[in-house]
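Visitor: Dropping the structure in here first, questions after.
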Amino acid sequence: MNYARYLHTASVLTNGSVLVVGGWNGINYLNSAELYDPITGSWTITGNLNYARYMHTASVLIDGTVLVAGGSNGSYNPDSAEIYDPSTGSWAITGNLNYARSSHTASVLTDGKVLITGGSGSFGLLNSAEIYDPSTGSWITTGNLNHARLKHRASVLADGKVLITGGGNNSVHYLNSAELYDSSAGNWTFTSNLNYARYGHTASVLKNGKVLVTGGLGSGFQSSSELYEPLTGTWSNTGNLNSPRYEHTATLLIDGKLLVAGGSVNCYHM
């Protein structure tokens, strides 16, 4: 990359390029963005964000544009959101979130709207959720999570429901709870608890519709993995990672395998 960065986002665009946005370089919070071309293996600078941010979310919308929402700039959590247009390489401000937040989740629903949940707000952790409508550029609140949480994960299931897993509710308390969002009713219901409390993990929807959760931080750095079966709402343990890690990535490959990479353990980056 042209700039070192941490707690940024990376989004695969419809043309196959990867858009990397914002983050922190250890000194400054970044408004820069750059594009990776997998064919040439090269990086190019693209338009700057209007606001520097890290711990934000980035969502590729149905029309191919990218919604960046919330985050932090080190001093406060902005409630701003902006849209990247790949055809022009520029950013435009869109409607503000109802609640400023960082370390939240963002999920593109089956109707093309974006569900934002939880995170760290201006006055503590949030249980609120809100939905962005790309057709109007506005946000509306929806049902609250049962548990306030940050650094949790959200997975859109085959039936359109959204599974929220784990997260933290303060600096030392990690959650094993999971809940489901029904967009038709706008409400949340608990499902079975994870076998291990964790935050900063990954939660990936596999080709068979199950959700694979890996790693994270709980009672120490986790190497454990577990599978959620949506048909029964239950969790089962599966093979452990070779190395414990948190704030790593998990990428579903074309052949259905899952690539887990990077992360941190004992304050060392992997």
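For the structure tokens, the naming scheme is as follows: chains receive sequential letters (A, B, ...) according to their order of presentation, residues are indexed from 1 within each chain, and ligands are indexed from 1 in presentation order.
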Tell me, which residues of region 125-154 of chain A carry DSSP strand (DSSP E or B), written as a PyMOL selection string?
Guide: chain A and resi 125+129-133+138-142+150+153-154
Visitor: Taking only residues of region 175-222 of chain A that have an atom at most 9 Å from an atom of region 230-253 of chain A, what is each one's shortest atom pair and its distance in Å to one decimal, using only C-alpha atoms, in chain and number order, as CSV?
Guide:
```
residue,atom,partner,partner_atom,distance
A:Thr191,CA,A:Gly233,CA,6.0
A:Ser192,CA,A:Thr234,CA,5.6
A:Asn193,CA,A:Trp235,CA,7.6
A:Leu194,CA,A:Trp235,CA,6.3
A:Asn195,CA,A:Trp235,CA,7.0
A:Tyr199,CA,A:Tyr246,CA,7.7
A:Gly200,CA,A:Glu247,CA,4.8
A:His201,CA,A:Tyr246,CA,5.7
A:Thr202,CA,A:Ala250,CA,6.3
A:Ala203,CA,A:Ala250,CA,7.9
A:Ser204,CA,A:Ala250,CA,7.1
A:Val205,CA,A:Leu252,CA,8.2
A:Leu206,CA,A:Leu252,CA,7.3
A:Lys207,CA,A:Leu252,CA,8.7
A:Gly209,CA,A:Pro230,CA,7.5
A:Lys210,CA,A:Pro230,CA,6.5
A:Val211,CA,A:Pro230,CA,8.1
A:Leu212,CA,A:Thr238,CA,8.9
A:Thr214,CA,A:Leu241,CA,7.5
A:Gly215,CA,A:Arg245,CA,5.6
A:Gly216,CA,A:Tyr246,CA,4.1
A:Leu217,CA,A:Tyr246,CA,5.9
A:Phe221,CA,A:Pro244,CA,5.6
A:Gln222,CA,A:Pro244,CA,4.9
```
Visitor: Neighbouring residues of region 68-79 of chain A were defined as those with any atom within 8 Å, considering only C-alpha atoms; residues of the same chain fewer than 2 positions away were excluded. Please report them as JSON, numbers by chain.
Guide: {"A": [29, 52, 53, 54, 55, 56, 57, 58, 59, 66, 81, 82, 83, 84, 96, 97, 98, 99, 100, 101, 102, 103, 121, 122]}
Visitor: Include N, CA and C atoms and write out the residues we just selected as an mmCIF file, in the first residue's frame.
Guide:
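Writing done, so here's selection_17.cif:
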```cif
data_model
loop_
_atom_site.group_PDB
_atom_site.id
_atom_site.type_symbol
_atom_site.label_atom_id
_atom_site.label_comp_id
_atom_site.auth_asym_id
_atom_site.auth_seq_id
_atom_site.Cartn_x
_atom_site.Cartn_y
_atom_site.Cartn_z
ATOM 1 N N TYR A 29 -4.711 9.876 12.178
ATOM 2 C CA TYR A 29 -5.899 9.231 11.654
ATOM 3 C C TYR A 29 -6.043 9.666 10.206
ATOM 4 N N ALA A 52 -11.364 12.139 8.171
ATOM 5 C CA ALA A 52 -10.481 11.059 8.617
ATOM 6 C C ALA A 52 -11.228 10.194 9.632
ATOM 7 N N ARG A 53 -10.977 8.887 9.585
ATOM 8 C CA ARG A 53 -11.675 7.983 10.501
ATOM 9 C C ARG A 53 -10.998 6.616 10.528
ATOM 10 N N TYR A 54 -11.157 5.930 11.641
ATOM 11 C CA TYR A 54 -10.799 4.526 11.754
ATOM 12 C C TYR A 54 -11.864 3.843 12.613
ATOM 13 N N MET A 55 -11.844 2.511 12.644
ATOM 14 C CA MET A 55 -12.896 1.734 13.320
ATOM 15 C C MET A 55 -14.281 2.066 12.769
ATOM 16 N N HIS A 56 -14.340 2.397 11.480
ATOM 17 C CA HIS A 56 -15.588 2.661 10.774
ATOM 18 C C HIS A 56 -16.045 1.376 10.081
ATOM 19 N N THR A 57 -17.095 1.466 9.292
ATOM 20 C CA THR A 57 -17.518 0.359 8.442
ATOM 21 C C THR A 57 -17.566 0.832 6.997
ATOM 22 N N ALA A 58 -17.456 -0.119 6.076
ATOM 23 C CA ALA A 58 -17.572 0.161 4.643
ATOM 24 C C ALA A 58 -18.427 -0.936 4.020
ATOM 25 N N SER A 59 -19.463 -0.537 3.288
ATOM 26 C CA SER A 59 -20.420 -1.488 2.714
ATOM 27 C C SER A 59 -20.576 -1.222 1.225
ATOM 28 N N VAL A 66 -19.886 2.674 -2.453
ATOM 29 C CA VAL A 66 -19.467 2.184 -1.140
ATOM 30 C C VAL A 66 -19.887 3.185 -0.069
ATOM 31 N N ALA A 81 -21.479 10.064 7.442
ATOM 32 C CA ALA A 81 -21.383 8.950 6.506
ATOM 33 C C ALA A 81 -21.134 9.527 5.119
ATOM 34 N N GLU A 82 -20.443 8.776 4.287
ATOM 35 C CA GLU A 82 -20.142 9.258 2.947
ATOM 36 C C GLU A 82 -20.125 8.109 1.951
ATOM 37 N N ILE A 83 -20.319 8.460 0.689
ATOM 38 C CA ILE A 83 -20.455 7.485 -0.392
ATOM 39 C C ILE A 83 -19.305 7.658 -1.380
ATOM 40 N N TYR A 84 -18.651 6.528 -1.708
ATOM 41 C CA TYR A 84 -17.598 6.523 -2.719
ATOM 42 C C TYR A 84 -18.174 6.047 -4.048
ATOM 43 N N ASN A 96 -26.446 11.835 7.960
ATOM 44 C CA ASN A 96 -25.749 11.457 9.195
ATOM 45 C C ASN A 96 -26.463 10.322 9.904
ATOM 46 N N LEU A 97 -25.680 9.474 10.562
ATOM 47 C CA LEU A 97 -26.230 8.482 11.474
ATOM 48 C C LEU A 97 -27.049 9.162 12.573
ATOM 49 N N ASN A 98 -28.016 8.457 13.117
ATOM 50 C CA ASN A 98 -28.742 8.968 14.275
ATOM 51 C C ASN A 98 -27.871 8.972 15.526
ATOM 52 N N TYR A 99 -26.923 8.028 15.599
ATOM 53 C CA TYR A 99 -26.030 7.921 16.746
ATOM 54 C C TYR A 99 -24.599 7.753 16.246
ATOM 55 N N ALA A 100 -23.711 8.654 16.691
ATOM 56 C CA ALA A 100 -22.291 8.491 16.391
ATOM 57 C C ALA A 100 -21.819 7.184 17.006
ATOM 58 N N ARG A 101 -20.968 6.443 16.275
ATOM 59 C CA ARG A 101 -20.542 5.144 16.779
ATOM 60 C C ARG A 101 -19.265 4.685 16.075
ATOM 61 N N SER A 102 -18.486 3.870 16.779
ATOM 62 C CA SER A 102 -17.325 3.194 16.204
ATOM 63 C C SER A 102 -17.316 1.758 16.694
ATOM 64 N N SER A 103 -16.526 0.918 16.038
ATOM 65 C CA SER A 103 -16.463 -0.517 16.376
ATOM 66 C C SER A 103 -17.843 -1.162 16.330
ATOM 67 N N GLY A 121 -20.401 4.595 21.501
ATOM 68 C CA GLY A 121 -20.981 5.891 21.200
ATOM 69 C C GLY A 121 -20.311 7.015 21.951
ATOM 70 N N SER A 122 -20.910 8.169 21.894
ATOM 71 C CA SER A 122 -20.346 9.348 22.545
ATOM 72 C C SER A 122 -20.370 9.248 24.060
#
```
Visitor: Please identify all polymer residues within 12 Å of Leu109 (chain A), counting only C-alpha atoms, omitting same-chain residues fewer than 2 positions from it, and present them as a ChimeraX atom specification.
Guide: /A:59-62,106-107,111-116,131-134,154-163,181-184
Visitor: Between CA of Ser11 (chain A) and CA of Ala129 (chain A), what distance in Å does the model show, to one decimal?
Guide: 22.1 Å
Visitor: Can you tell me, as a list in words, what residues are no more than 8 Å from Asn187 (chain A) when counting only C-alpha atoms, ignoring any on the same chain fewer than 6 positions away?
Guide: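 Listed by chain and then number, they are Thr142, Gly143, Asn144 and Tyr181 of chain A.
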